Amino acid sequence: MSWPREVGCVYAETRDAIVLVDPLVPQDAEEAATFWRALDRDRRRLADRRVVILLTAAWHRRSSEEVAERYDAAIWSQGDALPDGVEADVFEAGEWREIVFGLTDHAAVVFGDVIEGDPGGGVHMAPDWWPPEESRTVRVREELRRVLRWPIDLVVVSHGEPVLEQGRAALERALIA
């Protein structure tokens with residue numbers, strides 16, 4: 001399976017940080033300039049807060065080095081302190097490893113690849129990567145239920161559309177399947 005060119009990334013403001021999850025600077029020069037102007041403006045507005053980059057997966061480094069250099073930001077590693085209002089949980093199956101982030105102040109959960117949006121306004125585990133009958137899929141689906149302990153209104157995904165209303169119910173449906 002090849003992922004679509006359009007991928008999501010996240011910007012969030014927490015009590016003590018500007019948080020970017022899987023940052024991606026647009027390739028188009030005009031769009032990139034707009035991106036940097038907006039981020040520079042937010043950085044100036046929140047100059048008292050640190051900039052923290054979170055990666056849902058190692059292969060989602062995308063533009064993280066460029067962003068880190070520009071804002072003297074830290075790229076979070078497991079074991080480092082997370083910004084206030086951010087939770088993390090690690091899920092592994094063989095060589096696959098993904099970190100799911102909860103932006104608890106925003107009642108949002110952020111997924112990299114394990115959960116993707118679907119056109120009907122819900123979410124699901126990508127069947128090409130996670131065949132429903134495989135034991136690893138069953139195990140990871142059960143483990144993913146841990147994120148339901150976080151407040152969830154929004155489900156943000158790298159692939160597909162986010163769920164902007166009734167996110168908890170959409171995620172529960174995907175994890176019960």
# chains A, B, ... in the order shown; residues from 1 in each chain; ligands from 1
$ select_by_dssp --residues "chain A" --states "alpha helix (DSSP H)" --output "PyMOL selection string"
chain A and resi 29-45+64-71+135-144+167-176
$ residues_around --residues "range 132-146 of chain A" --least-positions-apart "2" --cutoff "8 Å" --atoms "only C-alpha atoms" --output "list in words"
Phe91, Glu92, Ala93, Pro127, Trp130, Leu148, Arg149, Glu172, Leu175 and Ile176 of chain A
$ residues_around --residues "range 12-22 of chain A" --least-positions-apart "2" --cutoff "7 Å" --atoms "only C-alpha atoms" --output "JSON, numbers by chain"
{"A": [9, 10, 24, 49, 50, 51, 52, 53, 54, 55, 56, 60, 61, 62, 64, 83, 84, 85]}
$ write_last_selection --atoms "N, CA and C atoms" --output "tab-separated table (two decimals), in the first residue's frame"
chain	number	residue	atom	x	y	z
A	9	CYS	N	-0.69	16.93	9.48
A	9	CYS	CA	0.23	17.22	10.57
A	9	CYS	C	-0.54	18.14	11.52
A	10	VAL	N	-0.03	18.31	12.72
A	10	VAL	CA	-0.80	18.99	13.76
A	10	VAL	C	0.00	20.12	14.38
A	24	LEU	N	5.17	19.11	8.50
A	24	LEU	CA	5.47	19.00	7.08
A	24	LEU	C	5.32	20.37	6.43
A	49	ARG	N	6.93	30.31	25.36
A	49	ARG	CA	6.75	28.85	25.35
A	49	ARG	C	7.81	28.18	24.47
A	50	ARG	N	8.18	26.99	24.85
A	50	ARG	CA	9.12	26.22	24.04
A	50	ARG	C	8.39	25.61	22.85
A	51	VAL	N	9.15	25.23	21.84
A	51	VAL	CA	8.60	24.53	20.68
A	51	VAL	C	9.03	23.08	20.80
A	52	VAL	N	8.06	22.17	20.71
A	52	VAL	CA	8.33	20.75	20.84
A	52	VAL	C	7.75	20.04	19.61
A	53	ILE	N	8.56	19.18	19.03
A	53	ILE	CA	8.14	18.40	17.87
A	53	ILE	C	7.92	16.96	18.33
A	54	LEU	N	6.75	16.43	18.03
A	54	LEU	CA	6.40	15.05	18.37
A	54	LEU	C	6.26	14.25	17.09
A	55	LEU	N	6.81	13.06	17.07
A	55	LEU	CA	6.71	12.18	15.90
A	55	LEU	C	5.91	10.95	16.26
A	56	THR	N	4.88	10.67	15.47
A	56	THR	CA	4.08	9.47	15.71
A	56	THR	C	4.83	8.21	15.29
A	60	HIS	N	8.04	9.46	10.06
A	60	HIS	CA	7.30	10.71	9.91
A	60	HIS	C	8.18	11.91	10.26
A	61	ARG	N	9.47	11.80	10.08
A	61	ARG	CA	10.37	12.92	10.38
A	61	ARG	C	10.07	14.13	9.49
A	62	ARG	N	9.65	13.85	8.27
A	62	ARG	CA	9.20	14.88	7.34
A	62	ARG	C	10.06	16.14	7.42
A	64	SER	N	10.73	17.83	10.25
A	64	SER	CA	11.01	18.10	11.66
A	64	SER	C	12.38	18.72	11.89
A	83	PRO	N	5.20	18.10	27.04
A	83	PRO	CA	4.59	19.37	27.47
A	83	PRO	C	3.34	19.10	28.31
A	84	ASP	N	2.99	20.06	29.17
A	84	ASP	CA	1.75	19.95	29.93
A	84	ASP	C	0.59	19.80	28.95
A	85	GLY	N	-0.35	18.93	29.27
A	85	GLY	CA	-1.51	18.74	28.41
A	85	GLY	C	-1.30	17.77	27.27
$ select_by_dssp --residues "range 61-141 of chain A" --states "strand (DSSP E or B)" --output "ChimeraX atom specification"
/A:74-75,78,80,86-93,96-103,108-110,116-117,123-124
$ write_last_selection --atoms "C-alpha atoms" --output "CSV table (one decimal), in the first residue's frame"
chain,number,residue,atom,x,y,z
A,74,ALA,CA,13.4,19.8,20.7
A,75,ILE,CA,12.3,16.7,18.8
A,78,GLN,CA,10.5,8.6,24.5
A,80,ASP,CA,11.7,13.0,27.7
A,86,VAL,CA,0.1,16.0,26.2
A,87,GLU,CA,-0.1,12.3,26.8
A,88,ALA,CA,1.7,9.6,24.8
A,89,ASP,CA,1.2,5.8,24.4
A,90,VAL,CA,3.5,3.5,22.4
A,91,PHE,CA,2.1,0.6,20.3
A,92,GLU,CA,4.3,-2.0,18.7
A,93,ALA,CA,3.9,-5.0,16.5
A,96,TRP,CA,6.1,-1.4,13.4
A,97,ARG,CA,6.1,1.1,16.2
A,98,GLU,CA,3.8,4.1,16.6
A,99,ILE,CA,3.3,6.7,19.3
A,100,VAL,CA,-0.2,8.0,19.7
A,101,PHE,CA,-0.5,11.4,21.3
A,102,GLY,CA,-3.4,12.8,23.4
A,103,LEU,CA,-3.7,16.6,23.4
A,108,ALA,CA,-7.9,15.4,20.8
A,109,VAL,CA,-6.0,12.2,19.9
A,110,VAL,CA,-3.4,12.1,17.2
A,116,GLU,CA,-6.9,6.5,9.3
A,117,GLY,CA,-9.9,8.5,8.4
A,123,VAL,CA,-11.9,6.0,11.4
A,124,HIS,CA,-10.6,2.5,10.9
$ closest_residue --among "A:Gly167, A:Gly122, A:Gly8, A:Pro131" --to "Ile152 in chain A" --atoms "only C-alpha atoms"
A:Gly167
